[in-house]
$ cat protein_7.cif   # mmCIF, C-alpha atoms (C1' of nucleotides)
data_data
#
loop_
_atom_site.label_atom_id
_atom_site.label_comp_id
_atom_site.auth_asym_id
_atom_site.auth_seq_id
_atom_site.Cartn_x
_atom_site.Cartn_y
_atom_site.Cartn_z
CA MET A 1 92.61 66.03 86.51
CA THR A 2 94.02 67.83 83.55
CA THR A 3 93.11 71.46 83.26
CA ARG A 4 91.60 72.49 79.98
CA TRP A 5 92.83 76.03 79.46
CA LEU A 6 91.03 78.56 77.33
CA ASN A 7 91.78 78.64 73.63
CA ALA A 8 92.38 81.91 71.82
CA ASP A 9 88.75 82.65 71.05
CA GLU A 10 87.58 81.76 74.52
CA GLU A 11 90.33 83.82 76.01
CA ARG A 12 89.39 86.80 73.90
CA ALA A 13 85.76 86.55 74.92
CA TRP A 14 86.49 86.11 78.59
CA ARG A 15 89.11 88.80 78.89
CA GLY A 16 86.91 91.08 76.84
CA PHE A 17 83.98 90.56 79.12
CA HIS A 18 86.16 90.99 82.16
CA ARG A 19 87.50 94.24 80.85
CA LEU A 20 84.07 95.42 79.78
CA ARG A 21 82.71 94.77 83.19
CA GLY A 22 85.34 96.82 84.95
CA ASP A 23 85.39 99.71 82.52
CA LEU A 24 81.64 100.14 82.29
CA THR A 25 81.19 99.88 86.03
CA ALA A 26 83.77 102.57 86.63
CA ARG A 27 82.36 104.83 83.97
CA LEU A 28 78.77 104.53 85.09
CA ASN A 29 79.61 105.08 88.71
CA ALA A 30 81.65 108.13 87.90
CA GLU A 31 78.98 109.66 85.67
CA LEU A 32 76.22 108.95 88.12
CA ALA A 33 78.13 110.42 91.02
CA ALA A 34 79.10 113.51 89.06
CA ASP A 35 75.62 114.13 87.69
CA SER A 36 73.45 113.38 90.64
CA GLY A 37 75.44 112.46 93.73
CA LEU A 38 73.91 108.99 93.66
CA THR A 39 75.82 105.75 93.52
CA GLU A 40 74.85 102.77 91.40
CA ALA A 41 73.61 101.03 94.51
CA ASP A 42 71.50 104.02 95.46
CA PHE A 43 70.13 104.15 91.95
CA ALA A 44 69.20 100.48 91.91
CA VAL A 45 67.30 100.76 95.19
CA LEU A 46 65.53 103.95 94.17
CA VAL A 47 64.44 102.49 90.84
CA TYR A 48 62.49 99.75 92.55
CA LEU A 49 61.09 101.99 95.26
CA SER A 50 59.99 104.67 92.83
CA GLU A 51 58.10 102.08 90.78
CA ALA A 52 56.41 100.51 93.78
CA PRO A 53 52.86 101.60 94.66
CA GLY A 54 53.10 104.34 97.25
CA GLY A 55 56.88 104.29 97.03
CA VAL A 56 56.94 101.63 99.72
CA MET A 57 58.31 98.12 99.63
CA ARG A 58 59.09 95.44 102.16
CA ALA A 59 62.82 95.09 102.71
CA ARG A 60 62.46 91.40 101.99
CA GLU A 61 60.86 92.11 98.65
CA LEU A 62 63.50 94.65 97.76
CA GLN A 63 66.19 92.15 98.57
CA ARG A 64 64.55 89.53 96.41
CA GLU A 65 64.22 91.87 93.44
CA LEU A 66 67.77 93.12 93.69
CA ALA A 67 69.13 89.64 94.34
CA TRP A 68 71.22 91.13 97.12
CA ASP A 69 72.47 89.74 100.34
CA ARG A 70 70.48 90.54 103.48
CA SER A 71 73.25 92.45 105.12
CA ARG A 72 74.22 94.20 101.93
CA LEU A 73 70.78 95.70 101.72
CA SER A 74 70.78 96.53 105.40
CA HIS A 75 74.07 98.40 105.18
CA GLN A 76 72.96 100.17 102.02
CA LEU A 77 69.70 101.27 103.62
CA THR A 78 71.61 102.59 106.61
CA ARG A 79 73.71 104.77 104.34
CA MET A 80 70.75 105.91 102.29
CA GLU A 81 68.71 106.71 105.36
CA ARG A 82 71.58 108.83 106.60
CA ARG A 83 71.62 110.64 103.27
CA GLY A 84 67.87 111.12 103.43
CA THR A 85 66.75 109.26 100.32
CA VAL A 86 64.80 106.49 102.05
CA GLU A 87 63.11 105.81 105.37
CA ARG A 88 62.65 102.68 107.40
CA ARG A 89 59.29 102.04 109.06
CA ALA A 90 57.92 99.15 111.02
CA CYS A 91 55.81 96.80 108.97
CA ALA A 92 52.17 96.53 110.01
CA THR A 93 51.63 92.89 109.11
CA ASP A 94 54.89 91.38 110.29
CA ALA A 95 56.68 92.70 113.33
CA ARG A 96 60.08 91.51 112.14
CA GLY A 97 59.61 93.14 108.76
CA LEU A 98 60.45 96.61 107.55
CA ASP A 99 58.69 98.92 105.15
CA ILE A 100 61.17 100.92 103.15
CA SER A 101 59.81 104.11 101.67
CA ILE A 102 61.34 106.57 99.27
CA THR A 103 61.44 110.14 100.57
CA ALA A 104 60.62 113.27 98.61
CA ALA A 105 64.34 113.92 98.37
CA GLY A 106 64.89 110.40 97.10
CA ARG A 107 62.22 110.79 94.46
CA ALA A 108 63.69 114.09 93.37
CA ALA A 109 67.16 112.54 93.16
CA ILE A 110 66.13 109.64 90.97
CA THR A 111 64.00 111.84 88.76
CA ALA A 112 66.93 114.13 88.22
CA ALA A 113 69.42 111.31 87.72
CA ALA A 114 67.50 109.02 85.38
CA PRO A 115 67.79 110.94 82.10
CA ALA A 116 71.54 111.40 82.43
CA HIS A 117 71.92 107.78 83.43
CA VAL A 118 70.05 106.55 80.38
CA ALA A 119 72.08 108.92 78.23
CA VAL A 120 75.30 107.35 79.48
CA VAL A 121 73.96 103.84 78.99
CA ARG A 122 73.06 104.78 75.44
CA HIS A 123 76.22 106.66 74.68
CA CYS A 124 78.62 104.10 76.13
CA PHE A 125 76.74 100.93 75.36
CA VAL A 126 73.37 100.54 73.66
CA ASN A 127 73.93 102.95 70.79
CA LEU A 128 77.26 101.36 69.93
CA LEU A 129 75.75 97.96 69.23
CA THR A 130 73.50 96.44 66.59
CA PRO A 131 70.11 94.92 67.46
CA GLU A 132 71.63 91.51 66.73
CA GLN A 133 74.47 92.12 69.15
CA LEU A 134 72.08 93.32 71.83
CA ALA A 135 69.90 90.26 71.33
CA THR A 136 72.86 87.92 71.58
CA LEU A 137 74.05 89.64 74.72
CA ALA A 138 70.63 89.33 76.31
CA ASP A 139 70.58 85.63 75.42
CA ILE A 140 74.00 85.17 76.97
CA ALA A 141 72.90 86.89 80.14
CA ASP A 142 69.84 84.67 80.40
CA ILE A 143 71.82 81.50 79.85
CA VAL A 144 74.41 82.31 82.46
CA ALA A 145 71.85 83.62 84.93
CA ASP A 146 69.78 80.45 84.61
CA HIS A 147 72.85 78.36 85.21
CA LEU A 148 74.01 80.30 88.24
CA GLU A 149 70.56 80.35 89.70
CA GLU A 150 70.13 76.63 89.30
CA ALA A 151 73.53 75.88 90.75
CA HIS A 152 72.85 78.04 93.74
CA GLY A 153 69.60 76.31 94.60
CA ARG A 154 66.47 77.16 92.72
CA ARG A 155 65.10 80.46 93.83
CA ALA A 156 62.18 81.58 91.75
CA THR A 157 63.03 85.21 91.17
CA GLY A 158 60.19 85.38 88.71
CA ASP A 159 61.48 88.36 86.72
CA GLU A 160 62.57 88.10 83.14
CA MET B 161 66.21 117.81 76.36
CA THR B 162 63.99 114.90 75.56
CA THR B 163 65.19 111.65 77.01
CA ARG B 164 65.12 108.67 74.71
CA TRP B 165 64.41 105.77 77.03
CA LEU B 166 65.38 102.22 76.28
CA ASN B 167 62.97 100.10 74.28
CA ALA B 168 62.14 96.56 75.35
CA ASP B 169 65.03 94.89 73.53
CA GLU B 170 67.55 97.44 74.69
CA GLU B 171 66.24 97.16 78.20
CA ARG B 172 66.53 93.40 78.13
CA ALA B 173 70.13 93.60 76.92
CA TRP B 174 71.18 96.25 79.39
CA ARG B 175 69.52 94.74 82.43
CA GLY B 176 70.85 91.36 81.39
CA PHE B 177 74.37 92.62 81.16
CA HIS B 178 74.02 94.43 84.45
CA ARG B 179 72.79 91.34 86.15
CA LEU B 180 75.43 89.17 84.51
CA ARG B 181 78.14 91.48 85.71
CA GLY B 182 77.05 91.35 89.32
CA ASP B 183 76.34 87.64 89.43
CA LEU B 184 79.54 86.53 87.76
CA THR B 185 81.66 88.85 89.87
CA ALA B 186 80.18 87.51 93.05
CA ARG B 187 80.49 83.91 91.94
CA LEU B 188 84.08 84.18 90.81
CA ASN B 189 85.16 85.98 93.93
CA ALA B 190 83.49 83.42 96.12
CA GLU B 191 84.99 80.45 94.28
CA LEU B 192 88.42 81.96 94.19
CA ALA B 193 88.38 82.80 97.87
CA ALA B 194 87.12 79.36 98.82
CA ASP B 195 89.58 77.49 96.63
CA SER B 196 92.74 79.44 97.15
CA GLY B 197 92.34 82.29 99.59
CA LEU B 198 93.03 84.74 96.80
CA THR B 199 90.77 87.54 95.68
CA GLU B 200 90.14 88.50 92.07
CA ALA B 201 92.39 91.50 92.55
CA ASP B 202 95.17 89.33 93.97
CA PHE B 203 94.77 86.95 91.08
CA ALA B 204 95.00 89.68 88.46
CA VAL B 205 98.19 91.08 89.96
CA LEU B 206 99.77 87.67 90.35
CA VAL B 207 98.95 86.69 86.76
CA TYR B 208 101.02 89.56 85.42
CA LEU B 209 103.85 89.14 87.89
CA SER B 210 104.13 85.42 87.34
CA GLU B 211 104.42 85.97 83.59
CA ALA B 212 107.03 88.70 83.92
CA PRO B 213 110.72 87.79 83.53
CA GLY B 214 112.13 87.16 86.98
CA GLY B 215 108.72 87.69 88.51
CA VAL B 216 109.47 91.39 88.79
CA MET B 217 107.68 94.35 87.29
CA ARG B 218 107.72 98.09 87.79
CA ALA B 219 104.62 99.28 89.63
CA ARG B 220 104.03 101.73 86.80
CA GLU B 221 104.01 98.93 84.27
CA LEU B 222 101.69 96.82 86.38
CA GLN B 223 99.32 99.73 86.69
CA ARG B 224 99.34 100.26 82.94
CA GLU B 225 98.65 96.60 82.17
CA LEU B 226 95.85 96.31 84.67
CA ALA B 227 94.39 99.68 83.70
CA TRP B 228 94.05 100.44 87.39
CA ASP B 229 94.19 103.63 89.31
CA ARG B 230 97.48 104.53 90.96
CA SER B 231 96.10 104.44 94.43
CA ARG B 232 94.11 101.31 93.79
CA LEU B 233 97.29 99.48 92.96
CA SER B 234 99.09 100.98 95.91
CA HIS B 235 96.41 99.87 98.35
CA GLN B 236 96.27 96.44 96.76
CA LEU B 237 100.03 96.01 97.00
CA THR B 238 99.94 97.03 100.64
CA ARG B 239 97.41 94.30 101.34
CA MET B 240 99.27 91.71 99.30
CA GLU B 241 102.59 92.55 100.90
CA ARG B 242 100.99 92.06 104.29
CA ARG B 243 99.73 88.67 103.14
CA GLY B 244 103.14 87.77 101.79
CA THR B 245 102.39 87.24 98.11
CA VAL B 246 104.43 90.16 96.77
CA GLU B 247 107.32 92.37 97.84
CA ARG B 248 108.13 95.99 97.16
CA ARG B 249 111.72 96.94 96.38
CA ALA B 250 113.34 100.20 95.43
CA CYS B 251 113.90 100.52 91.70
CA ALA B 252 117.53 100.78 90.64
CA THR B 253 117.04 103.04 87.65
CA ASP B 254 114.45 105.46 89.03
CA ALA B 255 114.45 106.47 92.66
CA ARG B 256 110.73 107.25 92.63
CA GLY B 257 109.90 103.90 91.13
CA LEU B 258 109.13 100.55 92.70
CA ASP B 259 109.97 97.04 91.65
CA ILE B 260 107.20 94.65 92.59
CA SER B 261 108.23 91.02 92.85
CA ILE B 262 106.20 87.91 93.38
CA THR B 263 107.27 85.82 96.36
CA ALA B 264 107.57 82.06 96.51
CA ALA B 265 104.31 82.00 98.41
CA GLY B 266 102.70 84.16 95.75
CA ARG B 267 103.86 81.86 93.00
CA ALA B 268 102.59 78.84 94.88
CA ALA B 269 99.24 80.53 95.43
CA ILE B 270 98.65 81.39 91.79
CA THR B 271 99.83 77.99 90.61
CA ALA B 272 97.37 76.35 92.94
CA ALA B 273 94.54 78.72 92.12
CA ALA B 274 94.74 78.86 88.33
CA PRO B 275 93.22 75.48 87.42
CA ALA B 276 90.22 75.96 89.68
CA HIS B 277 89.76 79.46 88.40
CA VAL B 278 89.72 78.34 84.79
CA ALA B 279 87.35 75.57 85.72
CA VAL B 280 84.89 78.07 87.16
CA VAL B 281 85.21 80.35 84.15
CA ARG B 282 84.44 77.36 81.95
CA HIS B 283 81.67 75.98 84.06
CA CYS B 284 79.87 79.26 84.66
CA PHE B 285 80.59 80.98 81.40
CA VAL B 286 82.60 79.71 78.46
CA ASN B 287 81.16 76.22 78.27
CA LEU B 288 77.61 77.53 78.37
CA LEU B 289 77.98 79.53 75.19
CA THR B 290 78.40 78.78 71.51
CA PRO B 291 81.46 79.92 69.54
CA GLU B 292 79.22 82.44 67.79
CA GLN B 293 78.04 83.88 71.07
CA LEU B 294 81.59 84.10 72.36
CA ALA B 295 82.71 85.84 69.20
CA THR B 296 79.88 88.35 69.40
CA LEU B 297 80.66 89.05 73.02
CA ALA B 298 84.31 89.65 72.23
CA ASP B 299 83.28 92.02 69.46
CA ILE B 300 81.00 93.90 71.81
CA ALA B 301 83.78 94.24 74.36
CA ASP B 302 86.16 95.61 71.75
CA ILE B 303 83.64 98.12 70.46
CA VAL B 304 82.80 99.47 73.89
CA ALA B 305 86.43 99.48 75.01
CA ASP B 306 87.48 101.44 71.94
CA HIS B 307 84.76 103.95 72.56
CA LEU B 308 85.55 104.44 76.23
CA GLU B 309 89.22 104.75 75.49
CA GLU B 310 88.62 107.33 72.80
CA ALA B 311 86.24 109.39 74.87
CA HIS B 312 88.75 109.41 77.64
CA GLY B 313 88.28 112.93 78.90
CA ARG B 314 84.86 113.77 77.60
CA ARG B 315 81.54 113.57 79.32
CA ALA B 316 78.57 111.79 77.82
CA THR B 317 75.71 114.20 78.37
CA GLY B 318 73.32 112.99 75.74
CA ASP B 319 75.06 114.37 72.70
CA GLU B 320 75.45 111.84 69.98
"C1'" DA C 321 50.85 76.53 125.58
"C1'" DT C 322 55.33 75.41 124.41
"C1'" DC C 323 59.25 74.52 121.97
"C1'" DA C 324 62.21 73.86 117.71
"C1'" DG C 325 63.29 75.63 113.49
"C1'" DA C 326 62.92 79.00 109.96
"C1'" DT C 327 62.54 83.94 108.54
"C1'" DT C 328 63.75 88.81 108.83
"C1'" DG C 329 66.90 92.06 109.83
"C1'" DA C 330 71.11 94.51 112.30
"C1'" DT C 331 75.93 94.81 113.39
"C1'" DG C 332 81.10 94.59 113.37
"C1'" DA C 333 85.25 93.12 111.05
"C1'" DT C 334 87.69 92.91 106.99
"C1'" DG C 335 88.67 93.47 102.07
"C1'" DT C 336 87.96 96.33 97.98
"C1'" DG C 337 87.52 100.74 94.97
"C1'" DT C 338 87.67 105.87 94.27
"C1'" DC C 339 88.75 110.55 95.19
"C1'" DA C 340 91.52 114.34 96.81
"C1'" DA C 341 95.63 115.84 98.82
"C1'" DC C 342 100.29 115.10 99.42
"C1'" DA C 343 105.49 114.14 98.86
"C1'" DA C 344 109.55 112.83 96.47
"C1'" DA C 345 112.21 112.50 92.45
"C1'" DC C 346 112.90 113.40 87.53
"C1'" DA C 347 113.41 116.51 83.23
"C1'" DG C 348 113.84 120.66 80.88
"C1'" DT C 349 115.01 125.48 80.91
"C1'" DA C 350 116.65 129.96 82.11
"C1'" DT D 351 121.94 126.83 90.30
"C1'" DA D 352 117.19 127.51 90.67
"C1'" DC D 353 112.65 127.28 88.86
"C1'" DT D 354 108.75 124.84 86.83
"C1'" DG D 355 106.12 121.19 85.52
"C1'" DT D 356 105.56 116.14 85.17
"C1'" DT D 357 105.80 111.44 86.79
"C1'" DT D 358 105.52 108.05 90.47
"C1'" DG D 359 103.76 106.47 94.46
"C1'" DT D 360 101.45 107.02 99.32
"C1'" DT D 361 97.89 108.19 102.53
"C1'" DG D 362 93.26 109.20 104.65
"C1'" DA D 363 88.41 109.48 104.10
"C1'" DC D 364 84.53 107.43 102.49
"C1'" DA D 365 81.43 104.08 99.96
"C1'" DC D 366 80.63 99.31 98.84
"C1'" DA D 367 80.54 93.91 99.47
"C1'" DT D 368 80.89 89.71 102.18
"C1'" DC D 369 81.11 86.91 106.22
"C1'" DA D 370 79.99 85.50 110.80
"C1'" DT D 371 77.18 86.35 114.56
"C1'" DC D 372 73.33 87.90 116.97
"C1'" DA D 373 68.33 89.14 118.16
"C1'" DA D 374 63.54 89.27 117.44
"C1'" DT D 375 59.62 87.26 115.44
"C1'" DC D 376 56.87 83.98 113.07
"C1'" DT D 377 55.27 79.03 112.08
"C1'" DG D 378 54.11 74.50 112.85
"C1'" DA D 379 54.09 70.30 115.50
"C1'" DT D 380 53.22 68.30 119.84
#
$ encode --input "protein_7.cif" --output "structure tokens"
Amino acid sequence: MTTRWLNADEERAWRGFHRLRGDLTARLNAELAADSGLTEADFAVLVYLSEAPGGVMRARELQRELAWDRSRLSHQLTRMERRGTVERRACATDARGLDISITAAGRAAITAAAPAHVAVVRHCFVNLLTPEQLATLADIADIVADHLEEAHGRRATGDE
Amino acid sequence: MTTRWLNADEERAWRGFHRLRGDLTARLNAELAADSGLTEADFAVLVYLSEAPGGVMRARELQRELAWDRSRLSHQLTRMERRGTVERRACATDARGLDISITAAGRAAITAAAPAHVAVVRHCFVNLLTPEQLATLADIADIVADHLEEAHGRRATGDE
DNA sequence: ATCAGATTGATGATGTGTCAACAAACAGTA
DNA sequence: TACTGTTTGTTGACACATCATCAATCTGAT
């Protein structure tokens, strides 16, 4: 098999994306940590929990929404429980299940962190781009996500 | 301060990018590890070393090219040296410096890994997108990179 | 009722990334 | 020479991600 290497335009796009990924991740993590003491992983979990009715969600459901590995979520919840932002409780309807609930401290943390987080997302990303660029990026994300999802076995995540 | 939240289009773009970032990272790491035993970090280091004259580069230079933290590179080199893909040597011209050289095993590893890596990048990314989409993505990456670079020391606290 | 297989979750090992603190060597200056 | 500040790289502590393995529970077929 002959390898078809990337041409100049493809290379520019790929390396650009690669760079973008690393830089933005680092920046967002740093800002979030400095502003609120939360990590990106903490933030992601708390976003879902804070939007759930009663601030409670099944671990399984959380995992599905986040598209995370089982053990990744488990480890993350262990750390967050230690830091006091969430609590684990036995699930009433399924003895193997877990109800994860956001604590008062967790709710306070996400409430305090969200505005600064959005500000950084705007300042370092959204506000720099035109509506057309944002739309194209969203399209790209959908296309790639569909492909990866399909290749991995179809798992109806259901969200947009 | 009043927070300006993301509208629907902005939200779609941001969440899409966020998702894309995570999914592609995971996929590439998994493929690379399965195909060649290398990690993305290994691969990045070996790409630069293999292109350098003599397969040798100053650690400082490597760090600058990769845009990595000092300690990140140091830890990475420790791991790679243990795995036998690179070697550290004292630098002749600067006693604090280090010459990093790729080993025969390292060269073999990157040579073996590169075609499969490109194939995955094509299959999961480049080939899914139109030239226009790739160009827009590259533009976006440049814009954001320029901004982050420029605002190197400042904090984004909502000022615009 | 029982048993096989699937689902839900925890755990330990290992690799990765970031921060703060440190040490050694260079460069410029008094 | 000695003093000061910068550059270069290491180390330890901690957080995160993935893999393999394990345990408990549920489900469905017999």
$ calpha_fit_rmsd --input "protein_7.cif" --fixed "chain A" --moving "chain B"
4.7 Å
$ residues_near_point --input "protein_7.cif" --point "(70.9, 96.4, 72.5)" --cutoff "10 Å" --atoms "all atoms listed in the file" --output "number ranges by chain"
A: 122, 125-138; B: 166-174
$ residues_around --input "protein_7.cif" --residues "DG355 in chain D" --least-positions-apart "5" --cutoff "12 Å" --atoms "all atoms listed in the file" --output "JSON, numbers by chain"
{"C": [346, 347, 348, 349]}
$ resolve_selection --input "protein_7.cif" --expression "the PyMOL selection byres ((chain D) within 9 of (chain B))" --output "JSON, numbers by chain"
{"D": [357, 358, 359, 360]}
$ write_last_selection --input "protein_7.cif" --atoms "C-alpha atoms (C1' of nucleotides)" --output "tab-separated table (two decimals), keeping the file's coordinate frame"
chain	number	residue	atom	x	y	z
D	357	DT	C1'	105.80	111.44	86.79
D	358	DT	C1'	105.52	108.05	90.47
D	359	DG	C1'	103.76	106.47	94.46
D	360	DT	C1'	101.45	107.02	99.32
$ atom_distance --input "protein_7.cif" --atom1 "CA of Asn29 in chain A" --atom2 "CA of Leu184 in chain B"
18.6 Å
$ build_atoms --input "protein_7.cif" --residues "range 210-227 of chain B" --atoms "N, CA and C atoms" --output "mmCIF file, keeping the file's coordinate frame"
data_model
loop_
_atom_site.group_PDB
_atom_site.id
_atom_site.type_symbol
_atom_site.label_atom_id
_atom_site.label_comp_id
_atom_site.auth_asym_id
_atom_site.auth_seq_id
_atom_site.Cartn_x
_atom_site.Cartn_y
_atom_site.Cartn_z
ATOM 1 N N SER B 210 103.605 86.762 87.584
ATOM 2 C CA SER B 210 104.130 85.420 87.340
ATOM 3 C C SER B 210 104.584 85.252 85.893
ATOM 4 N N GLU B 211 104.023 86.063 84.992
ATOM 5 C CA GLU B 211 104.420 85.970 83.590
ATOM 6 C C GLU B 211 105.602 86.873 83.259
ATOM 7 N N ALA B 212 105.931 87.764 84.169
ATOM 8 C CA ALA B 212 107.030 88.700 83.920
ATOM 9 C C ALA B 212 108.367 88.009 84.132
ATOM 10 N N PRO B 213 109.385 88.391 83.353
ATOM 11 C CA PRO B 213 110.720 87.790 83.530
ATOM 12 C C PRO B 213 111.257 88.081 84.934
ATOM 13 N N GLY B 214 111.617 87.004 85.631
ATOM 14 C CA GLY B 214 112.130 87.160 86.980
ATOM 15 C C GLY B 214 111.050 87.406 88.020
ATOM 16 N N GLY B 215 109.812 87.447 87.571
ATOM 17 C CA GLY B 215 108.720 87.690 88.510
ATOM 18 C C GLY B 215 108.733 89.098 89.068
ATOM 19 N N VAL B 216 109.350 90.006 88.331
ATOM 20 C CA VAL B 216 109.470 91.390 88.790
ATOM 21 C C VAL B 216 108.894 92.338 87.751
ATOM 22 N N MET B 217 108.212 93.348 88.199
ATOM 23 C CA MET B 217 107.680 94.350 87.290
ATOM 24 C C MET B 217 107.654 95.696 87.993
ATOM 25 N N ARG B 218 107.871 96.744 87.243
ATOM 26 C CA ARG B 218 107.720 98.090 87.790
ATOM 27 C C ARG B 218 106.253 98.303 88.146
ATOM 28 N N ALA B 219 105.989 99.000 89.231
ATOM 29 C CA ALA B 219 104.620 99.280 89.630
ATOM 30 C C ALA B 219 103.895 100.040 88.514
ATOM 31 N N ARG B 220 104.595 100.959 87.913
ATOM 32 C CA ARG B 220 104.030 101.730 86.800
ATOM 33 C C ARG B 220 103.526 100.826 85.682
ATOM 34 N N GLU B 221 104.348 99.842 85.354
ATOM 35 C CA GLU B 221 104.010 98.930 84.270
ATOM 36 C C GLU B 221 102.797 98.083 84.641
ATOM 37 N N LEU B 222 102.808 97.611 85.857
ATOM 38 C CA LEU B 222 101.690 96.820 86.380
ATOM 39 C C LEU B 222 100.401 97.622 86.299
ATOM 40 N N GLN B 223 100.485 98.843 86.701
ATOM 41 C CA GLN B 223 99.320 99.730 86.690
ATOM 42 C C GLN B 223 98.800 99.901 85.264
ATOM 43 N N ARG B 224 99.723 100.065 84.322
ATOM 44 C CA ARG B 224 99.340 100.260 82.940
ATOM 45 C C ARG B 224 98.661 99.011 82.377
ATOM 46 N N GLU B 225 99.211 97.854 82.679
ATOM 47 C CA GLU B 225 98.650 96.600 82.170
ATOM 48 C C GLU B 225 97.256 96.349 82.742
ATOM 49 N N LEU B 226 97.119 96.596 84.021
ATOM 50 C CA LEU B 226 95.850 96.310 84.670
ATOM 51 C C LEU B 226 94.815 97.384 84.397
ATOM 52 N N ALA B 227 95.275 98.522 83.901
ATOM 53 C CA ALA B 227 94.390 99.680 83.700
ATOM 54 C C ALA B 227 93.741 100.081 85.014
#
